[in-house]
$ cat upload.pdb   # PDB, C-alpha atoms
ATOM      1  CA  MET R1179      18.998  34.361  25.218
ATOM      2  CA  PRO R1180      18.526  33.102  28.775
ATOM      3  CA  GLY R1181      18.302  29.346  29.014
ATOM      4  CA  ALA R1182      20.741  28.866  26.145
ATOM      5  CA  PRO R1183      23.568  26.359  26.524
ATOM      6  CA  SER R1184      26.857  27.554  27.907
ATOM      7  CA  LEU R1185      29.850  27.605  25.599
ATOM      8  CA  PRO R1186      32.376  24.804  26.009
ATOM      9  CA  GLU R1187      36.018  25.779  26.124
ATOM     10  CA  LEU R1188      37.036  26.289  22.512
ATOM     11  CA  PRO R1189      40.372  27.836  21.587
ATOM     12  CA  ASP R1190      40.280  31.192  19.857
ATOM     13  CA  PHE R1191      40.443  30.132  16.220
ATOM     14  CA  ARG R1192      39.562  32.221  13.212
ATOM     15  CA  VAL R1193      38.704  31.782   9.575
ATOM     16  CA  GLY R1194      41.861  30.676   7.740
ATOM     17  CA  ASP R1195      43.305  28.800  10.701
ATOM     18  CA  THR R1196      44.019  25.105  10.481
ATOM     19  CA  ILE R1197      42.440  23.214  13.342
ATOM     20  CA  ARG R1198      42.084  19.646  14.524
ATOM     21  CA  VAL R1199      38.612  18.749  15.833
ATOM     22  CA  HIS R1200      38.231  15.736  18.097
ATOM     23  CA  TYR R1201      34.653  14.644  17.598
ATOM     24  CA  VAL R1202      32.828  11.992  19.614
ATOM     25  CA  VAL R1203      31.196   9.514  17.274
ATOM     26  CA  GLU R1204      30.069   6.946  19.795
ATOM     27  CA  ARG R1205      29.449   6.899  23.513
ATOM     28  CA  ASN R1206      29.477   3.711  25.511
ATOM     29  CA  GLY R1207      29.131   4.385  29.206
ATOM     30  CA  ASP R1208      32.271   6.197  30.295
ATOM     31  CA  LYS R1209      34.100   5.391  27.093
ATOM     32  CA  ALA R1210      33.837   7.608  24.070
ATOM     33  CA  THR R1211      35.167   6.961  20.599
ATOM     34  CA  THR R1212      36.515  10.103  18.983
ATOM     35  CA  GLN R1213      37.517  10.857  15.428
ATOM     36  CA  VAL R1214      39.844  13.634  14.352
ATOM     37  CA  PHE R1215      39.009  15.998  11.527
ATOM     38  CA  GLN R1216      41.818  18.341  10.534
ATOM     39  CA  GLY R1217      41.421  21.134   8.036
ATOM     40  CA  VAL R1218      41.076  24.832   7.312
ATOM     41  CA  VAL R1219      38.278  26.827   8.915
ATOM     42  CA  ILE R1220      36.454  28.396   5.976
ATOM     43  CA  LYS R1221      33.477  29.828   7.829
ATOM     44  CA  ARG R1222      32.448  30.806  11.324
ATOM     45  CA  HIS R1223      28.748  31.337  11.714
ATOM     46  CA  ARG R1224      28.389  33.339  14.905
ATOM     47  CA  ALA R1225      24.795  33.060  16.053
ATOM     48  CA  GLY R1226      24.795  32.638  19.819
ATOM     49  CA  ALA R1227      23.605  29.203  20.841
ATOM     50  CA  ARG R1228      23.188  28.200  17.184
ATOM     51  CA  SER R1229      26.799  29.019  16.194
ATOM     52  CA  THR R1230      28.611  26.723  13.786
ATOM     53  CA  PHE R1231      31.973  26.536  12.064
ATOM     54  CA  THR R1232      32.913  24.846   8.803
ATOM     55  CA  VAL R1233      36.173  22.957   8.332
ATOM     56  CA  ARG R1234      37.471  21.973   4.878
ATOM     57  CA  LYS R1235      40.083  19.381   4.100
ATOM     58  CA  ILE R1236      41.257  17.401   1.082
ATOM     59  CA  SER R1237      40.745  13.706   1.627
ATOM     60  CA  PHE R1238      42.094  11.381  -1.089
ATOM     61  CA  LYS R1239      41.972  14.263  -3.580
ATOM     62  CA  ILE R1240      38.332  14.925  -2.745
ATOM     63  CA  GLY R1241      37.396  18.122  -0.958
ATOM     64  CA  VAL R1242      35.457  17.389   2.250
ATOM     65  CA  GLU R1243      33.676  20.034   4.291
ATOM     66  CA  ARG R1244      32.191  19.441   7.657
ATOM     67  CA  ILE R1245      29.954  21.779   9.670
ATOM     68  CA  PHE R1246      30.337  21.569  13.448
ATOM     69  CA  LEU R1247      27.925  23.010  15.985
ATOM     70  CA  SER R1248      30.097  25.176  18.223
ATOM     71  CA  HIS R1249      28.219  24.254  21.394
ATOM     72  CA  SER R1250      27.901  20.544  20.711
ATOM     73  CA  PRO R1251      28.898  18.295  23.615
ATOM     74  CA  ASN R1252      30.282  15.922  20.980
ATOM     75  CA  ILE R1253      33.238  18.198  20.346
ATOM     76  CA  ALA R1254      35.753  16.726  22.757
ATOM     77  CA  LYS R1255      38.610  19.051  21.892
ATOM     78  CA  VAL R1256      39.705  21.578  19.283
ATOM     79  CA  GLU R1257      43.432  22.002  18.680
ATOM     80  CA  LEU R1258      44.912  24.933  16.851
ATOM     81  CA  VAL R1259      47.455  23.700  14.316
ATOM     82  CA  SER R1260      48.412  26.953  12.628
ATOM     83  CA  ARG R1261      47.163  30.472  12.155
ATOM     84  CA  GLY R1262      46.421  31.558   8.607
ATOM     85  CA  ILE R1263      46.565  34.966   6.987
ATOM     86  CA  VAL R1264      43.404  35.597   4.997
ATOM     87  CA  ARG R1265      41.582  38.730   3.890
ATOM     88  CA  ARG R1266      38.076  37.334   3.773
ATOM     89  CA  ALA R1267      35.524  36.121   6.333
ATOM     90  CA  ARG R1268      34.289  33.245   4.142
ATOM     91  CA  LEU R1269      36.851  31.230   2.205
ATOM     92  CA  TYR R1270      34.484  29.787  -0.392
ATOM     93  CA  TYR R1271      37.081  30.532  -3.086
ATOM     94  CA  LEU R1272      39.101  27.560  -1.823
ATOM     95  CA  ARG R1273      36.481  25.260  -3.325
ATOM     96  CA  GLY R1274      37.532  26.229  -6.796
ATOM     97  CA  LEU R1275      41.233  25.790  -6.157
ATOM     98  CA  GLU R1276      43.403  22.755  -5.676
ATOM     99  CA  GLY R1277      46.998  21.843  -4.952
ATOM    100  CA  LYS R1278      49.456  24.672  -4.471
ATOM    101  CA  ALA R1279      46.839  27.327  -5.304
ATOM    102  CA  ALA R1280      44.702  26.269  -2.356
ATOM    103  CA  ARG R1281      47.415  26.941   0.208
ATOM    104  CA  ILE R1282      46.998  29.646   2.845
ATOM    105  CA  ARG R1283      49.933  31.681   4.155
ATOM    106  CA  ASP R1284      50.329  31.003   7.844
ATOM    107  CA  LYS R1285      51.469  33.205  10.672
ATOM    108  CA  LYS R1286      54.725  31.950  12.056
ATOM    109  CA  ASP R1287      54.483  33.937  15.258
ATOM    110  CA  ILE R1288      52.209  31.817  17.389
TER     111      ILE R1288
ATOM    112  CA  MET L1074     -13.353  23.533  32.380
ATOM    113  CA  ASN L1075      -9.614  23.463  32.774
ATOM    114  CA  LYS L1076      -8.566  22.769  36.333
ATOM    115  CA  GLN L1077      -4.996  21.775  35.598
ATOM    116  CA  PRO L1078      -2.301  23.809  37.325
ATOM    117  CA  GLY L1079      -0.654  26.356  35.047
ATOM    118  CA  VAL L1080       1.313  29.563  34.838
ATOM    119  CA  ILE L1081       1.265  32.736  32.800
ATOM    120  CA  GLY L1082       4.432  34.073  31.250
ATOM    121  CA  ILE L1083       6.156  35.716  28.337
ATOM    122  CA  LYS L1084       7.585  34.003  25.284
ATOM    123  CA  LEU L1085      11.225  35.061  25.042
ATOM    124  CA  GLY L1086      11.966  33.266  21.781
ATOM    125  CA  CYS L1087      13.340  30.043  20.366
ATOM    126  CA  THR L1088      16.746  28.459  20.720
ATOM    127  CA  GLN L1089      18.278  25.022  20.754
ATOM    128  CA  ILE L1090      19.793  22.868  23.477
ATOM    129  CA  PHE L1091      21.687  19.596  23.336
ATOM    130  CA  ASN L1092      20.699  16.240  24.718
ATOM    131  CA  ASP L1093      23.324  14.220  26.569
ATOM    132  CA  ASP L1094      23.986  12.137  23.457
ATOM    133  CA  GLY L1095      24.746  15.243  21.410
ATOM    134  CA  THR L1096      21.497  15.421  19.448
ATOM    135  CA  LEU L1097      19.678  18.716  19.229
ATOM    136  CA  LYS L1098      16.437  19.744  20.805
ATOM    137  CA  ARG L1099      14.531  22.780  19.533
ATOM    138  CA  VAL L1100      12.988  24.688  22.395
ATOM    139  CA  THR L1101      10.959  27.793  23.126
ATOM    140  CA  VAL L1102      12.025  29.766  26.185
ATOM    141  CA  ILE L1103       9.216  31.027  28.407
ATOM    142  CA  GLU L1104       9.796  33.461  31.224
ATOM    143  CA  ALA L1105       7.111  32.311  33.641
ATOM    144  CA  GLY L1106       7.580  34.207  36.796
ATOM    145  CA  PRO L1107       7.927  35.312  39.439
ATOM    146  CA  ILE L1108       4.194  34.704  39.647
ATOM    147  CA  THR L1109       2.375  36.157  42.612
ATOM    148  CA  ILE L1110      -0.958  34.974  43.947
ATOM    149  CA  VAL L1111      -2.879  38.244  43.824
ATOM    150  CA  ASP L1112      -6.223  36.970  45.010
ATOM    151  CA  LYS L1113      -8.272  33.861  45.610
ATOM    152  CA  ARG L1114     -11.781  33.098  44.469
ATOM    153  CA  THR L1115     -13.668  31.011  46.965
ATOM    154  CA  ALA L1116     -16.875  29.035  46.720
ATOM    155  CA  GLU L1117     -18.477  31.011  49.574
ATOM    156  CA  ARG L1118     -17.729  34.446  48.147
ATOM    157  CA  ASP L1119     -17.618  33.909  44.371
ATOM    158  CA  GLY L1120     -19.339  30.580  43.797
ATOM    159  CA  TYR L1121     -16.213  28.905  42.404
ATOM    160  CA  THR L1122     -12.607  28.260  43.391
ATOM    161  CA  ALA L1123      -9.712  29.867  41.573
ATOM    162  CA  LEU L1124      -6.332  31.450  42.075
ATOM    163  CA  VAL L1125      -5.630  34.860  40.535
ATOM    164  CA  LEU L1126      -2.104  34.850  39.172
ATOM    165  CA  GLY L1127      -0.172  38.046  38.582
ATOM    166  CA  PHE L1128       2.900  38.310  36.358
ATOM    167  CA  GLY L1129       5.316  41.184  35.776
ATOM    168  CA  GLU L1130       5.233  44.697  37.120
ATOM    169  CA  ARG L1131       3.121  47.648  36.080
ATOM    170  CA  LYS L1132       3.930  51.217  37.044
ATOM    171  CA  GLU L1133       1.589  52.738  39.560
ATOM    172  CA  LYS L1134       0.875  55.761  37.338
ATOM    173  CA  HIS L1135      -0.215  53.441  34.551
ATOM    174  CA  THR L1136      -2.691  51.621  36.763
ATOM    175  CA  ALA L1137      -6.281  52.795  37.054
ATOM    176  CA  LYS L1138      -7.309  53.894  40.546
ATOM    177  CA  PRO L1139      -9.910  51.141  41.116
ATOM    178  CA  GLN L1140      -7.361  48.481  40.150
ATOM    179  CA  LEU L1141      -4.723  50.116  42.347
ATOM    180  CA  GLY L1142      -7.052  49.717  45.324
ATOM    181  CA  TYR L1143      -7.417  46.035  44.489
ATOM    182  CA  TYR L1144      -3.654  45.546  44.709
ATOM    183  CA  LYS L1145      -3.348  47.763  47.805
ATOM    184  CA  LYS L1146      -5.851  45.549  49.598
ATOM    185  CA  ALA L1147      -3.604  42.550  49.059
ATOM    186  CA  ASN L1148      -0.553  44.673  49.944
ATOM    187  CA  LEU L1149       1.004  44.089  46.508
ATOM    188  CA  THR L1150       2.437  46.164  43.675
ATOM    189  CA  PRO L1151       0.412  46.371  40.414
ATOM    190  CA  LYS L1152       1.004  43.508  37.967
ATOM    191  CA  ARG L1153       1.354  43.542  34.197
ATOM    192  CA  LYS L1154      -0.834  40.548  33.519
ATOM    193  CA  LEU L1155      -3.545  38.804  35.520
ATOM    194  CA  LYS L1156      -5.176  35.434  34.961
ATOM    195  CA  GLU L1157      -7.606  33.350  36.906
ATOM    196  CA  LEU L1158      -6.686  29.717  37.292
ATOM    197  CA  ARG L1159      -9.655  27.518  38.126
ATOM    198  CA  CYS L1160      -8.747  24.776  40.574
ATOM    199  CA  GLU L1161     -10.025  22.541  43.317
ATOM    200  CA  ALA L1162     -10.283  23.924  46.834
ATOM    201  CA  GLU L1163      -7.574  21.566  48.118
ATOM    202  CA  PHE L1164      -5.120  22.896  45.535
ATOM    203  CA  ALA L1165      -5.935  26.528  46.335
ATOM    204  CA  ASP L1166      -5.407  25.921  50.050
ATOM    205  CA  LYS L1167      -1.755  25.215  49.399
ATOM    206  CA  PHE L1168      -1.147  28.829  48.396
ATOM    207  CA  GLU L1169      -1.348  32.108  50.266
ATOM    208  CA  VAL L1170      -2.335  35.464  48.805
ATOM    209  CA  GLY L1171       0.935  37.322  48.225
ATOM    210  CA  GLY L1172       2.858  34.075  47.863
ATOM    211  CA  VAL L1173       5.001  33.186  44.877
ATOM    212  CA  LEU L1174       4.495  30.145  42.636
ATOM    213  CA  LYS L1175       7.528  27.934  42.164
ATOM    214  CA  LEU L1176       7.935  26.407  38.721
ATOM    215  CA  ASP L1177       9.670  23.260  39.908
ATOM    216  CA  GLU L1178       6.797  22.522  42.280
ATOM    217  CA  LEU L1179       4.251  22.825  39.481
ATOM    218  CA  PHE L1180       6.075  21.112  36.619
ATOM    219  CA  GLN L1181       8.606  18.355  36.057
ATOM    220  CA  VAL L1182      11.082  17.899  33.243
ATOM    221  CA  GLY L1183       9.669  15.585  30.594
ATOM    222  CA  GLN L1184       6.097  16.339  31.531
ATOM    223  CA  LYS L1185       3.466  17.066  28.863
ATOM    224  CA  VAL L1186       2.026  20.569  28.878
ATOM    225  CA  ASP L1187      -0.308  22.685  26.774
ATOM    226  CA  ALA L1188       0.724  26.137  25.573
ATOM    227  CA  GLN L1189      -1.708  28.889  24.719
ATOM    228  CA  GLY L1190      -0.842  32.124  22.969
ATOM    229  CA  ARG L1191      -2.321  34.805  20.750
ATOM    230  CA  THR L1192      -0.921  34.450  17.233
ATOM    231  CA  ARG L1193       0.569  37.399  15.401
ATOM    232  CA  GLY L1194      -2.150  39.453  13.707
ATOM    233  CA  ARG L1195      -1.845  39.578   9.921
ATOM    234  CA  GLY L1196      -4.947  41.668   9.283
ATOM    235  CA  PHE L1197      -7.243  41.035   6.324
ATOM    236  CA  SER L1198      -5.228  38.537   4.301
ATOM    237  CA  GLY L1199      -5.761  36.987   0.900
ATOM    238  CA  VAL L1200      -6.140  33.271   0.294
ATOM    239  CA  VAL L1201      -2.495  32.748  -0.668
ATOM    240  CA  ARG L1202      -1.275  33.870   2.746
ATOM    241  CA  ARG L1203      -4.214  32.738   4.817
ATOM    242  CA  TRP L1204      -4.832  29.287   3.373
ATOM    243  CA  SER L1205      -1.553  28.672   1.511
ATOM    244  CA  MET L1206      -3.354  28.480  -1.827
ATOM    245  CA  ALA L1207      -1.103  28.427  -4.849
ATOM    246  CA  GLY L1208      -2.644  31.287  -6.809
ATOM    247  CA  GLN L1209      -2.255  31.287 -10.575
ATOM    248  CA  VAL L1210       0.714  31.198 -12.920
ATOM    249  CA  GLN L1211       2.488  34.545 -13.119
ATOM    250  CA  THR L1212       3.000  34.507 -16.897
ATOM    251  CA  HIS L1213       1.394  33.063 -20.053
ATOM    252  CA  GLY L1214      -1.056  35.930 -20.304
ATOM    253  CA  THR L1215      -2.456  35.838 -16.759
ATOM    254  CA  HIS L1216      -4.026  39.163 -15.913
ATOM    255  CA  GLU L1217      -5.733  40.594 -12.814
ATOM    256  CA  CYS L1218      -6.036  37.233 -11.046
ATOM    257  CA  ARG L1219      -2.579  36.100  -9.974
ATOM    258  CA  ARG L1220      -3.389  35.559  -6.302
ATOM    259  CA  HIS L1221      -7.075  34.649  -6.528
ATOM    260  CA  GLY L1222      -8.621  31.570  -4.964
ATOM    261  CA  GLY L1223     -10.225  30.242  -8.142
ATOM    262  CA  SER L1224     -13.750  28.882  -8.374
ATOM    263  CA  ILE L1225     -15.997  29.027  -5.303
ATOM    264  CA  GLY L1226     -18.563  26.484  -6.401
ATOM    265  CA  THR L1227     -20.783  24.987  -9.087
ATOM    266  CA  ASN L1228     -23.665  26.527 -11.056
ATOM    267  CA  MET L1229     -27.261  25.305 -10.621
ATOM    268  CA  THR L1230     -26.550  22.517  -8.156
ATOM    269  CA  PRO L1231     -26.579  23.562  -5.384
ATOM    270  CA  GLY L1232     -26.878  27.093  -6.715
ATOM    271  CA  ARG L1233     -25.093  28.618  -3.763
ATOM    272  CA  THR L1234     -21.593  28.757  -2.268
ATOM    273  CA  LEU L1235     -21.113  26.126   0.399
ATOM    274  CA  PRO L1236     -20.515  27.416   3.927
ATOM    275  CA  GLY L1237     -16.998  27.268   5.334
ATOM    276  CA  LEU L1238     -15.281  27.823   1.970
ATOM    277  CA  LYS L1239     -11.741  29.124   2.300
ATOM    278  CA  MET L1240     -11.676  32.799   1.362
ATOM    279  CA  ALA L1241      -9.810  35.973   2.263
ATOM    280  CA  GLY L1242     -10.400  37.462   5.694
ATOM    281  CA  GLN L1243      -8.953  38.223   9.102
ATOM    282  CA  TYR L1244      -5.887  36.072   9.766
ATOM    283  CA  GLY L1245      -4.044  35.762  13.050
ATOM    284  CA  ASP L1246      -4.635  37.546  16.355
ATOM    285  CA  GLU L1247      -6.553  34.567  17.694
ATOM    286  CA  LEU L1248      -6.013  32.385  20.740
ATOM    287  CA  VAL L1249      -4.325  29.143  19.722
ATOM    288  CA  SER L1250      -3.493  26.189  21.958
ATOM    289  CA  VAL L1251      -0.815  23.654  21.199
ATOM    290  CA  LEU L1252      -1.347  20.441  23.113
ATOM    291  CA  ASN L1253       1.042  17.913  24.572
ATOM    292  CA  LEU L1254       4.388  19.664  24.339
ATOM    293  CA  LYS L1255       7.223  18.358  26.446
ATOM    294  CA  ILE L1256       9.122  20.317  29.072
ATOM    295  CA  ALA L1257      12.813  20.138  28.205
ATOM    296  CA  ARG L1258      14.287  22.044  31.115
ATOM    297  CA  ILE L1259      13.204  24.098  34.116
ATOM    298  CA  ASP L1260      15.239  26.890  35.652
ATOM    299  CA  ALA L1261      13.312  27.755  38.797
ATOM    300  CA  ASP L1262      15.776  30.411  39.962
ATOM    301  CA  LYS L1263      15.489  32.394  36.739
ATOM    302  CA  HIS L1264      11.813  31.446  36.321
ATOM    303  CA  LEU L1265      12.433  29.910  32.907
ATOM    304  CA  LEU L1266      10.601  27.078  31.208
ATOM    305  CA  LEU L1267      12.163  25.487  28.133
ATOM    306  CA  ILE L1268       9.504  23.704  26.135
ATOM    307  CA  GLU L1269      10.152  21.512  23.110
ATOM    308  CA  GLY L1270       8.653  22.791  19.887
ATOM    309  CA  ALA L1271       6.995  26.005  18.819
ATOM    310  CA  ILE L1272       4.503  28.051  20.791
ATOM    311  CA  PRO L1273       1.977  30.440  19.216
ATOM    312  CA  GLY L1274       2.524  34.172  19.516
ATOM    313  CA  ALA L1275       5.214  36.738  18.991
ATOM    314  CA  SER L1276       8.303  37.109  21.133
ATOM    315  CA  ASN L1277       7.598  39.092  24.296
ATOM    316  CA  GLY L1278       3.963  38.118  23.925
ATOM    317  CA  PRO L1279       1.947  36.616  26.776
ATOM    318  CA  VAL L1280       1.479  32.848  26.897
ATOM    319  CA  PHE L1281      -0.280  30.438  29.217
ATOM    320  CA  ILE L1282       1.278  27.089  30.077
ATOM    321  CA  ARG L1283      -0.707  24.382  31.844
ATOM    322  CA  GLN L1284      -0.439  20.687  32.499
ATOM    323  CA  ALA L1285      -1.769  18.713  29.548
ATOM    324  CA  VAL L1286      -5.541  18.225  29.566
ATOM    325  CA  LYS L1287      -5.682  15.526  26.911
ATOM    326  CA  THR L1288      -3.168  12.781  27.419
ATOM    327  CA  ARG L1289      -3.315  10.070  24.830
ATOM    328  CA  LYS L1290      -3.836   6.683  26.402
ATOM    329  CA  ARG L1291      -1.637   3.933  25.065
ATOM    330  CA  LYS L1292      -3.631   1.388  23.101
ATOM    331  CA  VAL L1293      -3.840  -2.029  24.717
ATOM    332  CA  GLY L1294      -2.831  -4.866  22.384
ATOM    333  CA  ARG L1295      -5.751  -6.594  20.707
TER     334      ARG L1295
END

$ encode --input "upload.pdb" --output "structure tokens"
Amino acid sequence: MPGAPSLPELPDFRVGDTIRVHYVVERNGDKATTQVFQGVVIKRHRAGARSTFTVRKISFKIGVERIFLSHSPNIAKVELVSRGIVRRARLYYLRGLEGKAARIRDKKDI
Amino acid sequence: MNKQPGVIGIKLGCTQIFNDDGTLKRVTVIEAGPITIVDKRTAERDGYTALVLGFGERKEKHTAKPQLGYYKKANLTPKRKLKELRCEAEFADKFEVGGVLKLDELFQVGQKVDAQGRTRGRGFSGVVRRWSMAGQVQTHGTHECRRHGGSIGTNMTPGRTLPGLKMAGQYGDELVSVLNLKIARIDADKHLLLIEGAIPGASNGPVFIRQAVKTRKRKVGR
């Protein structure tokens, strides 16, 4: 739609990839405090200006999922850690798995 | 009588934009232009002062001959939508017939505006849709009255149904104004207005945006 925000530079990551999201939690003038959230992308909701992606990680044995707005100015940087090989667009099945079963094969050729 | 400056346009739809601090703002995108001044009403000729705004293009073969002559006189192409905008004579003097309205001259970001649109027509609707009544339970032996409105009054006193009771009837397709919305962004080159909140009417439907007529005055401390 015209008038929609323009997309910030995000790397080309897909569902199954492991990414590291640098997220701004506080702004103070020129300074910005960022936090890093690293995990597996389990969902990409592609909806133009309203697009989001969901990242899942295991933090102190507890599964944590975080939904990021793709166009948010608070996303300072997204790093691609590794590419994963998956056969599904939504990896909800990871929620029921833990430990070795919850691993994703990764592509070595990146 | 509204004499606030305004524009006609088309509702393109809703989207979201971000504030500088990363919080979201829900906006409706209005394509308001290019708007041409098709004609002027003057006190000498018509008894009142107004600008006639024209929006969009209409094919010549779809325009009736008398209307075509009206546009020809002003040396313009036929427009899709026309609206008279009542104004003071000083305001009308600033514009020429055939000239184009500029959004950034009329509005500022952060300014309060009113939006007017024709809501989507829903036809003859029952009370559940039209007035959000709950209806009855679907089970436990309910029959033939699952979406009824219930009782419409008492018996002997007053012995009639009170006027204005919520019942089924025509719903939608009426002109609705939403007051005091905020302008979030203006794109004068693309003729776009981004207005916070929802605006009545379907996408691609005509809307009218004007400067707010009722601004709430801040209460002075007692």

$ resolve_selection --input "upload.pdb" --expression "the ChimeraX specification (/R :<9) & /L" --output "PDB file with C-alpha atoms, in the frame of the given file"
ATOM      1  CA  LEU L1085      11.225  35.061  25.042  1.00  0.00           C
ATOM      2  CA  GLY L1086      11.966  33.266  21.781  1.00  0.00           C
ATOM      3  CA  CYS L1087      13.340  30.043  20.366  1.00  0.00           C
ATOM      4  CA  THR L1088      16.746  28.459  20.720  1.00  0.00           C
ATOM      5  CA  GLN L1089      18.278  25.022  20.754  1.00  0.00           C
ATOM      6  CA  ILE L1090      19.793  22.868  23.477  1.00  0.00           C
ATOM      7  CA  PHE L1091      21.687  19.596  23.336  1.00  0.00           C
ATOM      8  CA  ASN L1092      20.699  16.240  24.718  1.00  0.00           C
ATOM      9  CA  ASP L1093      23.324  14.220  26.569  1.00  0.00           C
ATOM     10  CA  ASP L1094      23.986  12.137  23.457  1.00  0.00           C
ATOM     11  CA  GLY L1095      24.746  15.243  21.410  1.00  0.00           C
ATOM     12  CA  THR L1096      21.497  15.421  19.448  1.00  0.00           C
ATOM     13  CA  LEU L1097      19.678  18.716  19.229  1.00  0.00           C
ATOM     14  CA  VAL L1102      12.025  29.766  26.185  1.00  0.00           C
ATOM     15  CA  ARG L1258      14.287  22.044  31.115  1.00  0.00           C
ATOM     16  CA  ILE L1259      13.204  24.098  34.116  1.00  0.00           C
ATOM     17  CA  ASP L1260      15.239  26.890  35.652  1.00  0.00           C
ATOM     18  CA  LYS L1263      15.489  32.394  36.739  1.00  0.00           C
ATOM     19  CA  LEU L1265      12.433  29.910  32.907  1.00  0.00           C
ATOM     20  CA  LEU L1266      10.601  27.078  31.208  1.00  0.00           C
ATOM     21  CA  LEU L1267      12.163  25.487  28.133  1.00  0.00           C
TER      22      LEU L1267
END

$ closest_residue --input "upload.pdb" --among "L:Thr1234, L:Gln1184, L:Gln1243, L:Asn1253" --to "Trp1204 in chain L" --atoms "only C-alpha atoms"
L:Gln1243

$ resolve_selection --input "upload.pdb" --expression "the PyMOL selection byres ((chain L and resi 1170-1175) around 6)" --output "list in words"
Ile1108, Thr1109, Ile1110, Val1111, Asp1112, Glu1169, Leu1176, Asp1177 and Glu1178 of chain L

$ write_last_selection --input "upload.pdb" --atoms "C-alpha atoms" --output "PDB file, in the coordinates of the input"
ATOM      1  CA  ILE L1108       4.194  34.704  39.647  1.00  0.00           C
ATOM      2  CA  THR L1109       2.375  36.157  42.612  1.00  0.00           C
ATOM      3  CA  ILE L1110      -0.958  34.974  43.947  1.00  0.00           C
ATOM      4  CA  VAL L1111      -2.879  38.244  43.824  1.00  0.00           C
ATOM      5  CA  ASP L1112      -6.223  36.970  45.010  1.00  0.00           C
ATOM      6  CA  GLU L1169      -1.348  32.108  50.266  1.00  0.00           C
ATOM      7  CA  LEU L1176       7.935  26.407  38.721  1.00  0.00           C
ATOM      8  CA  ASP L1177       9.670  23.260  39.908  1.00  0.00           C
ATOM      9  CA  GLU L1178       6.797  22.522  42.280  1.00  0.00           C
TER      10      GLU L1178
END

$ residues_around --input "upload.pdb" --residues "Arg1281 in chain R" --least-positions-apart "4" --cutoff "12 Å" --atoms "all atoms listed in the file" --output "ChimeraX atom specification"
/R:1194-1196,1217-1218,1235-1236,1262-1264,1269,1271-1273,1275-1277

$ resolve_selection --input "upload.pdb" --expression "the PyMOL selection byres ((chain R and resi 1200) around 12)" --output "PDB file with C-alpha atoms, in the frame of the given file"
ATOM      1  CA  LEU R1188      37.036  26.289  22.512  1.00  0.00           C
ATOM      2  CA  ILE R1197      42.440  23.214  13.342  1.00  0.00           C
ATOM      3  CA  ARG R1198      42.084  19.646  14.524  1.00  0.00           C
ATOM      4  CA  VAL R1199      38.612  18.749  15.833  1.00  0.00           C
ATOM      5  CA  TYR R1201      34.653  14.644  17.598  1.00  0.00           C
ATOM      6  CA  VAL R1202      32.828  11.992  19.614  1.00  0.00           C
ATOM      7  CA  VAL R1203      31.196   9.514  17.274  1.00  0.00           C
ATOM      8  CA  ALA R1210      33.837   7.608  24.070  1.00  0.00           C
ATOM      9  CA  THR R1211      35.167   6.961  20.599  1.00  0.00           C
ATOM     10  CA  THR R1212      36.515  10.103  18.983  1.00  0.00           C
ATOM     11  CA  GLN R1213      37.517  10.857  15.428  1.00  0.00           C
ATOM     12  CA  VAL R1214      39.844  13.634  14.352  1.00  0.00           C
ATOM     13  CA  PHE R1215      39.009  15.998  11.527  1.00  0.00           C
ATOM     14  CA  GLN R1216      41.818  18.341  10.534  1.00  0.00           C
ATOM     15  CA  GLY R1217      41.421  21.134   8.036  1.00  0.00           C
ATOM     16  CA  PHE R1246      30.337  21.569  13.448  1.00  0.00           C
ATOM     17  CA  SER R1250      27.901  20.544  20.711  1.00  0.00           C
ATOM     18  CA  PRO R1251      28.898  18.295  23.615  1.00  0.00           C
ATOM     19  CA  ASN R1252      30.282  15.922  20.980  1.00  0.00           C
ATOM     20  CA  ILE R1253      33.238  18.198  20.346  1.00  0.00           C
ATOM     21  CA  ALA R1254      35.753  16.726  22.757  1.00  0.00           C
ATOM     22  CA  LYS R1255      38.610  19.051  21.892  1.00  0.00           C
ATOM     23  CA  VAL R1256      39.705  21.578  19.283  1.00  0.00           C
ATOM     24  CA  GLU R1257      43.432  22.002  18.680  1.00  0.00           C
ATOM     25  CA  LEU R1258      44.912  24.933  16.851  1.00  0.00           C
TER      26      LEU R1258
END

$ axis_aligned_box --input "upload.pdb" --around "range 1273-1286 of chain L" --padding-each-side "4 Å" --output "lines of an AutoDock Vina configuration file"
center_x = 1.4
center_y = 28.7
center_z = 25.7
size_x = 21.8
size_y = 28.9
size_z = 21.5

$ closest_residue --input "upload.pdb" --among "R:Val1193, R:Ser1229, R:Asn1206, R:Ile1282" --to "Ser1248 in chain R" --atoms "only C-alpha atoms"
R:Ser1229

$ closest_residue --input "upload.pdb" --among "L:Arg1099, L:His1135, L:Arg1291, L:Lys1076" --to "Glu1157 in chain L" --atoms "all atoms listed in the file"
L:Lys1076

$ residues_around --input "upload.pdb" --residues "Gly1270 in chain L" --least-positions-apart "2" --cutoff "9 Å" --atoms "all atoms listed in the file" --output "PyMOL selection string"
chain L and resi 1087+1098-1101+1254-1255+1268+1272

$ atom_distance --input "upload.pdb" --atom1 "CA of Val1080 in chain L" --atom2 "CA of Ile1103 in chain L"
10.3 Å

$ atom_distance --input "upload.pdb" --atom1 "CA of Ser1276 in chain L" --atom2 "CA of Lys1185 in chain L"
22.0 Å

$ residues_around --input "upload.pdb" --residues "range 1141-1154 of chain L" --least-positions-apart "6" --cutoff "6 Å" --atoms "only C-alpha atoms" --output "short mmCIF file (atom, residue, chain, number, x, y, z; two decimals) with C-alpha atoms, in the frame of the given file"
data_model
loop_
_atom_site.label_atom_id
_atom_site.label_comp_id
_atom_site.auth_asym_id
_atom_site.auth_seq_id
_atom_site.Cartn_x
_atom_site.Cartn_y
_atom_site.Cartn_z
CA GLY L 1127 -0.17 38.05 38.58
CA PHE L 1128 2.90 38.31 36.36
CA GLY L 1129 5.32 41.18 35.78
CA GLU L 1130 5.23 44.70 37.12
CA ARG L 1131 3.12 47.65 36.08
#
